[in-house]
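Engineer: Questions regarding the structure given below will be posed in turn.
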Amino acid sequence: MIVAFSVAPSGGPSEQADGSVHDAVAAAVRVVRESGLPNRTSSMFTELEGEWDEVMDVVKRATEAVGAYGSRVSLVLKADIRPGHTGEIDGKLERLEAALGEER
């Protein structure tokens, strides 16, 4: 499965004067990267690929890491559950780029 998630603190002193929560997000991304599961982070979401239990464990631990930065945590999660398929975090993008190349 692939999970795309975004997690951010609220209700605490974690926000910078400019509204940034980068320190809290960095704590979450650190958990994801240390998991060893295939992952990538963009400006809005972190994607993570693995089996259900291991992916959800990482999301839980990343959410807990952000919880240290505020009294509340916002979690947005989207999952692509496709049993029997692995390597899709890159495979989906490769197929998209190939389709775009065929249009030229």
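A note on labels: chains of the structure tokens are A, B, ... as shown, every chain counts residues from 1, and ligands are counted from 1 in their shown order.
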When DSSP works through the backbone of this structure, what residues of segment 4-102 of chain A end up as strand (DSSP E), shown as a PDB file with all heavy atoms, in the first residue's frame?
Structural biologist:
ATOM      1  N   ALA A   4      -0.255   8.561   1.482  1.00  0.00           N
ATOM      2  CA  ALA A   4       0.178   9.959   1.416  1.00  0.00           C
ATOM      3  C   ALA A   4      -0.428  10.635   2.634  1.00  0.00           C
ATOM      4  O   ALA A   4      -1.638  10.538   2.856  1.00  0.00           O
ATOM      5  CB  ALA A   4      -0.315  10.620   0.135  1.00  0.00           C
ATOM      6  N   PHE A   5       0.423  11.267   3.440  1.00  0.00           N
ATOM      7  CA  PHE A   5      -0.120  11.913   4.623  1.00  0.00           C
ATOM      8  C   PHE A   5       0.562  13.235   4.899  1.00  0.00           C
ATOM      9  O   PHE A   5       1.679  13.491   4.471  1.00  0.00           O
ATOM     10  CB  PHE A   5      -0.055  10.982   5.847  1.00  0.00           C
ATOM     11  CG  PHE A   5       1.300  10.797   6.452  1.00  0.00           C
ATOM     12  CD1 PHE A   5       1.652  11.478   7.609  1.00  0.00           C
ATOM     13  CD2 PHE A   5       2.214   9.926   5.901  1.00  0.00           C
ATOM     14  CE1 PHE A   5       2.893  11.303   8.199  1.00  0.00           C
ATOM     15  CE2 PHE A   5       3.458   9.732   6.479  1.00  0.00           C
ATOM     16  CZ  PHE A   5       3.801  10.426   7.627  1.00  0.00           C
ATOM     17  N   SER A   6      -0.182  14.058   5.615  1.00  0.00           N
ATOM     18  CA  SER A   6       0.298  15.362   6.052  1.00  0.00           C
ATOM     19  C   SER A   6      -0.075  15.481   7.517  1.00  0.00           C
ATOM     20  O   SER A   6      -1.203  15.187   7.896  1.00  0.00           O
ATOM     21  CB  SER A   6      -0.381  16.463   5.236  1.00  0.00           C
ATOM     22  OG  SER A   6      -0.062  17.728   5.756  1.00  0.00           O
ATOM     23  N   VAL A   7       0.876  15.902   8.330  1.00  0.00           N
ATOM     24  CA  VAL A   7       0.628  16.016   9.756  1.00  0.00           C
ATOM     25  C   VAL A   7       1.212  17.342  10.243  1.00  0.00           C
ATOM     26  O   VAL A   7       2.295  17.737   9.818  1.00  0.00           O
ATOM     27  CB  VAL A   7       1.212  14.795  10.512  1.00  0.00           C
ATOM     28  CG1 VAL A   7       2.689  14.654  10.338  1.00  0.00           C
ATOM     29  CG2 VAL A   7       0.820  14.795  11.969  1.00  0.00           C
ATOM     30  N   ALA A   8       0.454  18.040  11.074  1.00  0.00           N
ATOM     31  CA  ALA A   8       0.903  19.349  11.573  1.00  0.00           C
ATOM     32  C   ALA A   8       0.316  19.599  12.951  1.00  0.00           C
ATOM     33  O   ALA A   8      -0.807  19.195  13.240  1.00  0.00           O
ATOM     34  CB  ALA A   8       0.479  20.457  10.613  1.00  0.00           C
ATOM     35  N   PRO A   9       1.073  20.300  13.791  1.00  0.00           N
ATOM     36  CA  PRO A   9       0.576  20.632  15.123  1.00  0.00           C
ATOM     37  C   PRO A   9      -0.299  21.879  15.100  1.00  0.00           C
ATOM     38  O   PRO A   9      -0.239  22.682  14.171  1.00  0.00           O
ATOM     39  CB  PRO A   9       1.862  20.911  15.910  1.00  0.00           C
ATOM     40  CG  PRO A   9       2.756  21.522  14.880  1.00  0.00           C
ATOM     41  CD  PRO A   9       2.445  20.779  13.605  1.00  0.00           C
ATOM     42  N   SER A  10      -1.100  22.021  16.128  1.00  0.00           N
ATOM     43  CA  SER A  10      -1.825  23.270  16.338  1.00  0.00           C
ATOM     44  C   SER A  10      -2.033  23.426  17.839  1.00  0.00           C
ATOM     45  O   SER A  10      -1.828  22.496  18.607  1.00  0.00           O
ATOM     46  CB  SER A  10      -3.162  23.283  15.597  1.00  0.00           C
ATOM     47  OG  SER A  10      -4.012  22.269  16.082  1.00  0.00           O
ATOM     48  N   ASN A  39       9.975   6.006   0.647  1.00  0.00           N
ATOM     49  CA  ASN A  39       9.234   7.220   0.955  1.00  0.00           C
ATOM     50  C   ASN A  39       9.722   8.379   0.123  1.00  0.00           C
ATOM     51  O   ASN A  39      10.815   8.333  -0.453  1.00  0.00           O
ATOM     52  CB  ASN A  39       9.336   7.543   2.449  1.00  0.00           C
ATOM     53  CG  ASN A  39      10.735   7.939   2.852  1.00  0.00           C
ATOM     54  OD1 ASN A  39      11.134   9.087   2.719  1.00  0.00           O
ATOM     55  ND2 ASN A  39      11.519   6.973   3.348  1.00  0.00           N
ATOM     56  N   ARG A  40       8.915   9.415   0.065  1.00  0.00           N
ATOM     57  CA  ARG A  40       9.313  10.688  -0.551  1.00  0.00           C
ATOM     58  C   ARG A  40       8.466  11.768   0.081  1.00  0.00           C
ATOM     59  O   ARG A  40       7.329  11.546   0.466  1.00  0.00           O
ATOM     60  CB  ARG A  40       9.206  10.658  -2.062  1.00  0.00           C
ATOM     61  CG  ARG A  40       7.884  10.914  -2.681  1.00  0.00           C
ATOM     62  CD  ARG A  40       7.925  11.095  -4.204  1.00  0.00           C
ATOM     63  NE  ARG A  40       8.824  10.222  -4.908  1.00  0.00           N
ATOM     64  CZ  ARG A  40       8.501   9.036  -5.439  1.00  0.00           C
ATOM     65  NH1 ARG A  40       7.276   8.587  -5.330  1.00  0.00           N
ATOM     66  NH2 ARG A  40       9.386   8.325  -6.085  1.00  0.00           N
ATOM     67  N   THR A  41       9.057  12.949   0.200  1.00  0.00           N
ATOM     68  CA  THR A  41       8.368  14.081   0.790  1.00  0.00           C
ATOM     69  C   THR A  41       8.345  15.221  -0.203  1.00  0.00           C
ATOM     70  O   THR A  41       9.365  15.542  -0.815  1.00  0.00           O
ATOM     71  CB  THR A  41       9.065  14.526   2.098  1.00  0.00           C
ATOM     72  OG1 THR A  41       9.026  13.441   3.026  1.00  0.00           O
ATOM     73  CG2 THR A  41       8.374  15.727   2.707  1.00  0.00           C
ATOM     74  N   THR A  46       3.865  13.597   2.587  1.00  0.00           N
ATOM     75  CA  THR A  46       4.888  12.563   2.605  1.00  0.00           C
ATOM     76  C   THR A  46       4.217  11.281   2.155  1.00  0.00           C
ATOM     77  O   THR A  46       3.128  10.944   2.628  1.00  0.00           O
ATOM     78  CB  THR A  46       5.488  12.398   4.013  1.00  0.00           C
ATOM     79  OG1 THR A  46       6.202  13.588   4.344  1.00  0.00           O
ATOM     80  CG2 THR A  46       6.436  11.219   4.082  1.00  0.00           C
ATOM     81  N   GLU A  47       4.846  10.577   1.229  1.00  0.00           N
ATOM     82  CA  GLU A  47       4.344   9.296   0.744  1.00  0.00           C
ATOM     83  C   GLU A  47       5.204   8.194   1.333  1.00  0.00           C
ATOM     84  O   GLU A  47       6.421   8.344   1.466  1.00  0.00           O
ATOM     85  CB  GLU A  47       4.405   9.225  -0.779  1.00  0.00           C
ATOM     86  CG  GLU A  47       3.539  10.232  -1.475  1.00  0.00           C
ATOM     87  CD  GLU A  47       3.740  10.236  -2.985  1.00  0.00           C
ATOM     88  OE1 GLU A  47       4.696   9.594  -3.476  1.00  0.00           O
ATOM     89  OE2 GLU A  47       2.943  10.870  -3.664  1.00  0.00           O
ATOM     90  N   LEU A  48       4.572   7.081   1.637  1.00  0.00           N
ATOM     91  CA  LEU A  48       5.224   5.968   2.301  1.00  0.00           C
ATOM     92  C   LEU A  48       4.645   4.681   1.746  1.00  0.00           C
ATOM     93  O   LEU A  48       3.426   4.580   1.566  1.00  0.00           O
ATOM     94  CB  LEU A  48       4.938   6.095   3.802  1.00  0.00           C
ATOM     95  CG  LEU A  48       5.453   5.097   4.786  1.00  0.00           C
ATOM     96  CD1 LEU A  48       6.984   5.127   4.824  1.00  0.00           C
ATOM     97  CD2 LEU A  48       4.911   5.443   6.171  1.00  0.00           C
ATOM     98  N   GLU A  49       5.505   3.688   1.464  1.00  0.00           N
ATOM     99  CA  GLU A  49       5.014   2.434   0.895  1.00  0.00           C
ATOM    100  C   GLU A  49       5.444   1.249   1.747  1.00  0.00           C
ATOM    101  O   GLU A  49       6.583   1.184   2.212  1.00  0.00           O
ATOM    102  CB  GLU A  49       5.534   2.237  -0.531  1.00  0.00           C
ATOM    103  CG  GLU A  49       5.006   0.981  -1.190  1.00  0.00           C
ATOM    104  CD  GLU A  49       5.396   0.837  -2.640  1.00  0.00           C
ATOM    105  OE1 GLU A  49       6.402   1.434  -3.059  1.00  0.00           O
ATOM    106  OE2 GLU A  49       4.698   0.111  -3.363  1.00  0.00           O
ATOM    107  N   ARG A  72      -2.664  19.895  19.892  1.00  0.00           N
ATOM    108  CA  ARG A  72      -3.506  19.175  18.931  1.00  0.00           C
ATOM    109  C   ARG A  72      -2.664  18.839  17.712  1.00  0.00           C
ATOM    110  O   ARG A  72      -1.682  19.511  17.417  1.00  0.00           O
ATOM    111  CB  ARG A  72      -4.689  20.032  18.470  1.00  0.00           C
ATOM    112  CG  ARG A  72      -5.621  20.429  19.584  1.00  0.00           C
ATOM    113  CD  ARG A  72      -6.697  21.329  19.071  1.00  0.00           C
ATOM    114  NE  ARG A  72      -7.713  20.528  18.367  1.00  0.00           N
ATOM    115  CZ  ARG A  72      -8.851  21.020  17.945  1.00  0.00           C
ATOM    116  NH1 ARG A  72      -9.127  22.304  18.093  1.00  0.00           N
ATOM    117  NH2 ARG A  72      -9.732  20.260  17.347  1.00  0.00           N
ATOM    118  N   VAL A  73      -3.099  17.813  16.995  1.00  0.00           N
ATOM    119  CA  VAL A  73      -2.425  17.414  15.764  1.00  0.00           C
ATOM    120  C   VAL A  73      -3.473  17.208  14.677  1.00  0.00           C
ATOM    121  O   VAL A  73      -4.501  16.581  14.912  1.00  0.00           O
ATOM    122  CB  VAL A  73      -1.615  16.106  15.945  1.00  0.00           C
ATOM    123  CG1 VAL A  73      -1.001  15.661  14.640  1.00  0.00           C
ATOM    124  CG2 VAL A  73      -0.542  16.285  17.007  1.00  0.00           C
ATOM    125  N   SER A  74      -3.192  17.747  13.501  1.00  0.00           N
ATOM    126  CA  SER A  74      -4.043  17.532  12.338  1.00  0.00           C
ATOM    127  C   SER A  74      -3.362  16.499  11.440  1.00  0.00           C
ATOM    128  O   SER A  74      -2.186  16.647  11.095  1.00  0.00           O
ATOM    129  CB  SER A  74      -4.217  18.849  11.575  1.00  0.00           C
ATOM    130  OG  SER A  74      -4.864  18.616  10.343  1.00  0.00           O
ATOM    131  N   LEU A  75      -4.096  15.453  11.065  1.00  0.00           N
ATOM    132  CA  LEU A  75      -3.574  14.401  10.205  1.00  0.00           C
ATOM    133  C   LEU A  75      -4.504  14.235   9.013  1.00  0.00           C
ATOM    134  O   LEU A  75      -5.712  14.036   9.181  1.00  0.00           O
ATOM    135  CB  LEU A  75      -3.479  13.074  10.966  1.00  0.00           C
ATOM    136  CG  LEU A  75      -3.135  11.830  10.147  1.00  0.00           C
ATOM    137  CD1 LEU A  75      -1.721  11.935   9.576  1.00  0.00           C
ATOM    138  CD2 LEU A  75      -3.290  10.584  11.006  1.00  0.00           C
ATOM    139  N   VAL A  76      -3.941  14.347   7.813  1.00  0.00           N
ATOM    140  CA  VAL A  76      -4.671  14.078   6.574  1.00  0.00           C
ATOM    141  C   VAL A  76      -3.999  12.868   5.950  1.00  0.00           C
ATOM    142  O   VAL A  76      -2.782  12.843   5.798  1.00  0.00           O
ATOM    143  CB  VAL A  76      -4.598  15.285   5.607  1.00  0.00           C
ATOM    144  CG1 VAL A  76      -5.262  14.945   4.286  1.00  0.00           C
ATOM    145  CG2 VAL A  76      -5.218  16.509   6.241  1.00  0.00           C
ATOM    146  N   LEU A  77      -4.793  11.858   5.594  1.00  0.00           N
ATOM    147  CA  LEU A  77      -4.226  10.604   5.102  1.00  0.00           C
ATOM    148  C   LEU A  77      -5.029  10.090   3.911  1.00  0.00           C
ATOM    149  O   LEU A  77      -6.260  10.092   3.940  1.00  0.00           O
ATOM    150  CB  LEU A  77      -4.239   9.575   6.236  1.00  0.00           C
ATOM    151  CG  LEU A  77      -3.560   8.250   5.971  1.00  0.00           C
ATOM    152  CD1 LEU A  77      -2.850   7.789   7.231  1.00  0.00           C
ATOM    153  CD2 LEU A  77      -4.568   7.223   5.532  1.00  0.00           C
ATOM    154  N   LYS A  78      -4.314   9.673   2.894  1.00  0.00           N
ATOM    155  CA  LYS A  78      -4.941   9.037   1.726  1.00  0.00           C
ATOM    156  C   LYS A  78      -4.159   7.762   1.444  1.00  0.00           C
ATOM    157  O   LYS A  78      -2.927   7.770   1.467  1.00  0.00           O
ATOM    158  CB  LYS A  78      -4.885   9.962   0.510  1.00  0.00           C
ATOM    159  CG  LYS A  78      -5.521   9.360  -0.726  1.00  0.00           C
ATOM    160  CD  LYS A  78      -5.492  10.316  -1.893  1.00  0.00           C
ATOM    161  CE  LYS A  78      -6.151   9.653  -3.100  1.00  0.00           C
ATOM    162  NZ  LYS A  78      -6.180  10.542  -4.256  1.00  0.00           N
ATOM    163  N   ALA A  79      -4.860   6.665   1.182  1.00  0.00           N
ATOM    164  CA  ALA A  79      -4.194   5.385   0.965  1.00  0.00           C
ATOM    165  C   ALA A  79      -4.608   4.760  -0.361  1.00  0.00           C
ATOM    166  O   ALA A  79      -5.768   4.835  -0.768  1.00  0.00           O
ATOM    167  CB  ALA A  79      -4.523   4.419   2.104  1.00  0.00           C
ATOM    168  N   ASP A  80      -3.621   4.144  -1.019  1.00  0.00           N
ATOM    169  CA  ASP A  80      -3.849   3.336  -2.221  1.00  0.00           C
ATOM    170  C   ASP A  80      -3.530   1.907  -1.813  1.00  0.00           C
ATOM    171  O   ASP A  80      -2.365   1.550  -1.642  1.00  0.00           O
ATOM    172  CB  ASP A  80      -2.937   3.808  -3.348  1.00  0.00           C
ATOM    173  CG  ASP A  80      -3.117   3.005  -4.630  1.00  0.00           C
ATOM    174  OD1 ASP A  80      -3.963   2.089  -4.660  1.00  0.00           O
ATOM    175  OD2 ASP A  80      -2.391   3.281  -5.600  1.00  0.00           O
TER     176      ASP A  80
END
Engineer: Near His85 of chain A, counting only C-alpha atoms, which residues have an atom at most 12 Å away, once you skip same-chain residues fewer than 5 positions from it, shown as a list in words?
Structural biologist: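 Non-adjacent residues within range: Met1, Ile2, Glu49, Gly50, Glu51, Asp80, Asp90, Gly91 and Lys92 of chain A.
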Engineer: Using DSSP assignments from the backbone, pull out every residue in segment 11-95 of chain A that falls under helix (DSSP H, G or I) and give it to me as a PDB file with N, CA and C atoms, in the first residue's frame.
Structural biologist:
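The result, stored in out_11.pdb:
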ATOM      1  N   HIS A  22       7.780  24.005  10.397  1.00  0.00           N
ATOM      2  CA  HIS A  22       8.798  23.134   9.796  1.00  0.00           C
ATOM      3  C   HIS A  22       9.526  22.262  10.805  1.00  0.00           C
ATOM      4  N   ASP A  23       9.745  22.716  12.027  1.00  0.00           N
ATOM      5  CA  ASP A  23      10.430  21.872  13.006  1.00  0.00           C
ATOM      6  C   ASP A  23       9.596  20.639  13.347  1.00  0.00           C
ATOM      7  N   ALA A  24       8.300  20.826  13.516  1.00  0.00           N
ATOM      8  CA  ALA A  24       7.408  19.708  13.812  1.00  0.00           C
ATOM      9  C   ALA A  24       7.326  18.754  12.623  1.00  0.00           C
ATOM     10  N   VAL A  25       7.222  19.295  11.432  1.00  0.00           N
ATOM     11  CA  VAL A  25       7.162  18.459  10.235  1.00  0.00           C
ATOM     12  C   VAL A  25       8.472  17.696  10.069  1.00  0.00           C
ATOM     13  N   ALA A  26       9.581  18.349  10.360  1.00  0.00           N
ATOM     14  CA  ALA A  26      10.883  17.678  10.277  1.00  0.00           C
ATOM     15  C   ALA A  26      10.940  16.482  11.225  1.00  0.00           C
ATOM     16  N   ALA A  27      10.348  16.613  12.401  1.00  0.00           N
ATOM     17  CA  ALA A  27      10.319  15.499  13.353  1.00  0.00           C
ATOM     18  C   ALA A  27       9.548  14.316  12.765  1.00  0.00           C
ATOM     19  N   ALA A  28       8.446  14.598  12.087  1.00  0.00           N
ATOM     20  CA  ALA A  28       7.654  13.534  11.459  1.00  0.00           C
ATOM     21  C   ALA A  28       8.410  12.892  10.306  1.00  0.00           C
ATOM     22  N   VAL A  29       9.014  13.705   9.470  1.00  0.00           N
ATOM     23  CA  VAL A  29       9.754  13.185   8.315  1.00  0.00           C
ATOM     24  C   VAL A  29      10.952  12.360   8.781  1.00  0.00           C
ATOM     25  N   ARG A  30      11.569  12.763   9.861  1.00  0.00           N
ATOM     26  CA  ARG A  30      12.693  11.988  10.425  1.00  0.00           C
ATOM     27  C   ARG A  30      12.228  10.577  10.779  1.00  0.00           C
ATOM     28  N   VAL A  31      11.062  10.453  11.402  1.00  0.00           N
ATOM     29  CA  VAL A  31      10.505   9.136  11.742  1.00  0.00           C
ATOM     30  C   VAL A  31      10.300   8.317  10.478  1.00  0.00           C
ATOM     31  N   VAL A  32       9.752   8.935   9.447  1.00  0.00           N
ATOM     32  CA  VAL A  32       9.489   8.241   8.185  1.00  0.00           C
ATOM     33  C   VAL A  32      10.796   7.759   7.565  1.00  0.00           C
ATOM     34  N   ARG A  33      11.771   8.631   7.472  1.00  0.00           N
ATOM     35  CA  ARG A  33      13.039   8.260   6.835  1.00  0.00           C
ATOM     36  C   ARG A  33      13.783   7.191   7.614  1.00  0.00           C
ATOM     37  N   GLU A  34      13.707   7.242   8.927  1.00  0.00           N
ATOM     38  CA  GLU A  34      14.376   6.232   9.753  1.00  0.00           C
ATOM     39  C   GLU A  34      13.674   4.882   9.710  1.00  0.00           C
ATOM     40  N   TRP A  52       0.370  -2.863   5.375  1.00  0.00           N
ATOM     41  CA  TRP A  52      -0.581  -2.098   6.186  1.00  0.00           C
ATOM     42  C   TRP A  52      -0.046  -1.793   7.582  1.00  0.00           C
ATOM     43  N   ASP A  53       0.325  -2.828   8.330  1.00  0.00           N
ATOM     44  CA  ASP A  53       0.723  -2.632   9.726  1.00  0.00           C
ATOM     45  C   ASP A  53       1.983  -1.788   9.860  1.00  0.00           C
ATOM     46  N   GLU A  54       2.953  -2.015   8.991  1.00  0.00           N
ATOM     47  CA  GLU A  54       4.190  -1.243   9.119  1.00  0.00           C
ATOM     48  C   GLU A  54       3.998   0.211   8.707  1.00  0.00           C
ATOM     49  N   VAL A  55       3.200   0.459   7.676  1.00  0.00           N
ATOM     50  CA  VAL A  55       2.924   1.835   7.249  1.00  0.00           C
ATOM     51  C   VAL A  55       2.143   2.583   8.326  1.00  0.00           C
ATOM     52  N   MET A  56       1.117   1.960   8.855  1.00  0.00           N
ATOM     53  CA  MET A  56       0.307   2.625   9.876  1.00  0.00           C
ATOM     54  C   MET A  56       1.100   2.871  11.155  1.00  0.00           C
ATOM     55  N   ASP A  57       2.026   1.978  11.472  1.00  0.00           N
ATOM     56  CA  ASP A  57       2.890   2.188  12.631  1.00  0.00           C
ATOM     57  C   ASP A  57       3.750   3.435  12.444  1.00  0.00           C
ATOM     58  N   VAL A  58       4.296   3.601  11.246  1.00  0.00           N
ATOM     59  CA  VAL A  58       5.131   4.777  10.969  1.00  0.00           C
ATOM     60  C   VAL A  58       4.285   6.048  11.020  1.00  0.00           C
ATOM     61  N   VAL A  59       3.096   6.020  10.439  1.00  0.00           N
ATOM     62  CA  VAL A  59       2.214   7.192  10.485  1.00  0.00           C
ATOM     63  C   VAL A  59       1.881   7.532  11.941  1.00  0.00           C
ATOM     64  N   LYS A  60       1.599   6.531  12.742  1.00  0.00           N
ATOM     65  CA  LYS A  60       1.295   6.770  14.153  1.00  0.00           C
ATOM     66  C   LYS A  60       2.484   7.414  14.862  1.00  0.00           C
ATOM     67  N   ARG A  61       3.678   6.862  14.660  1.00  0.00           N
ATOM     68  CA  ARG A  61       4.856   7.404  15.330  1.00  0.00           C
ATOM     69  C   ARG A  61       5.192   8.814  14.837  1.00  0.00           C
ATOM     70  N   ALA A  62       4.978   9.081  13.551  1.00  0.00           N
ATOM     71  CA  ALA A  62       5.212  10.431  13.011  1.00  0.00           C
ATOM     72  C   ALA A  62       4.218  11.414  13.617  1.00  0.00           C
ATOM     73  N   THR A  63       2.979  10.986  13.771  1.00  0.00           N
ATOM     74  CA  THR A  63       1.957  11.831  14.385  1.00  0.00           C
ATOM     75  C   THR A  63       2.295  12.110  15.848  1.00  0.00           C
ATOM     76  N   GLU A  64       2.751  11.097  16.547  1.00  0.00           N
ATOM     77  CA  GLU A  64       3.160  11.288  17.947  1.00  0.00           C
ATOM     78  C   GLU A  64       4.340  12.250  18.049  1.00  0.00           C
ATOM     79  N   ALA A  65       5.272  12.180  17.103  1.00  0.00           N
ATOM     80  CA  ALA A  65       6.423  13.090  17.115  1.00  0.00           C
ATOM     81  C   ALA A  65       5.968  14.537  16.965  1.00  0.00           C
ATOM     82  N   VAL A  66       4.977  14.773  16.120  1.00  0.00           N
ATOM     83  CA  VAL A  66       4.438  16.117  15.927  1.00  0.00           C
ATOM     84  C   VAL A  66       3.656  16.570  17.157  1.00  0.00           C
ATOM     85  N   GLY A  67       3.048  15.631  17.859  1.00  0.00           N
ATOM     86  CA  GLY A  67       2.274  15.952  19.045  1.00  0.00           C
ATOM     87  C   GLY A  67       3.082  16.664  20.118  1.00  0.00           C
ATOM     88  N   GLU A  88       5.344   0.468  -6.123  1.00  0.00           N
ATOM     89  CA  GLU A  88       4.419   1.381  -6.795  1.00  0.00           C
ATOM     90  C   GLU A  88       4.700   2.851  -6.498  1.00  0.00           C
ATOM     91  N   ILE A  89       5.431   3.153  -5.446  1.00  0.00           N
ATOM     92  CA  ILE A  89       5.755   4.546  -5.148  1.00  0.00           C
ATOM     93  C   ILE A  89       6.547   5.155  -6.311  1.00  0.00           C
ATOM     94  N   ASP A  90       7.337   4.328  -6.976  1.00  0.00           N
ATOM     95  CA  ASP A  90       8.058   4.769  -8.181  1.00  0.00           C
ATOM     96  C   ASP A  90       7.346   4.320  -9.451  1.00  0.00           C
ATOM     97  N   GLY A  91       6.765   3.130  -9.423  1.00  0.00           N
ATOM     98  CA  GLY A  91       6.124   2.573 -10.614  1.00  0.00           C
ATOM     99  C   GLY A  91       5.003   3.432 -11.167  1.00  0.00           C
ATOM    100  N   LYS A  92       4.202   3.998 -10.277  1.00  0.00           N
ATOM    101  CA  LYS A  92       3.096   4.843 -10.738  1.00  0.00           C
ATOM    102  C   LYS A  92       3.624   6.078 -11.466  1.00  0.00           C
ATOM    103  N   LEU A  93       4.678   6.666 -10.941  1.00  0.00           N
ATOM    104  CA  LEU A  93       5.260   7.843 -11.593  1.00  0.00           C
ATOM    105  C   LEU A  93       5.912   7.489 -12.919  1.00  0.00           C
ATOM    106  N   GLU A  94       6.589   6.348 -12.969  1.00  0.00           N
ATOM    107  CA  GLU A  94       7.221   5.912 -14.219  1.00  0.00           C
ATOM    108  C   GLU A  94       6.180   5.702 -15.317  1.00  0.00           C
ATOM    109  N   ARG A  95       5.044   5.090 -14.957  1.00  0.00           N
ATOM    110  CA  ARG A  95       3.990   4.877 -15.951  1.00  0.00           C
ATOM    111  C   ARG A  95       3.378   6.204 -16.403  1.00  0.00           C
TER     112      ARG A  95
END
Engineer: Would you mind reading off the distance between atom CA of Val21 of chain A and atom CA of Met44 of chain A, one decimal, in Å?
Structural biologist: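 Separation between atom CA of Val21 of chain A and atom CA of Met44 of chain A: 12.2 Å.
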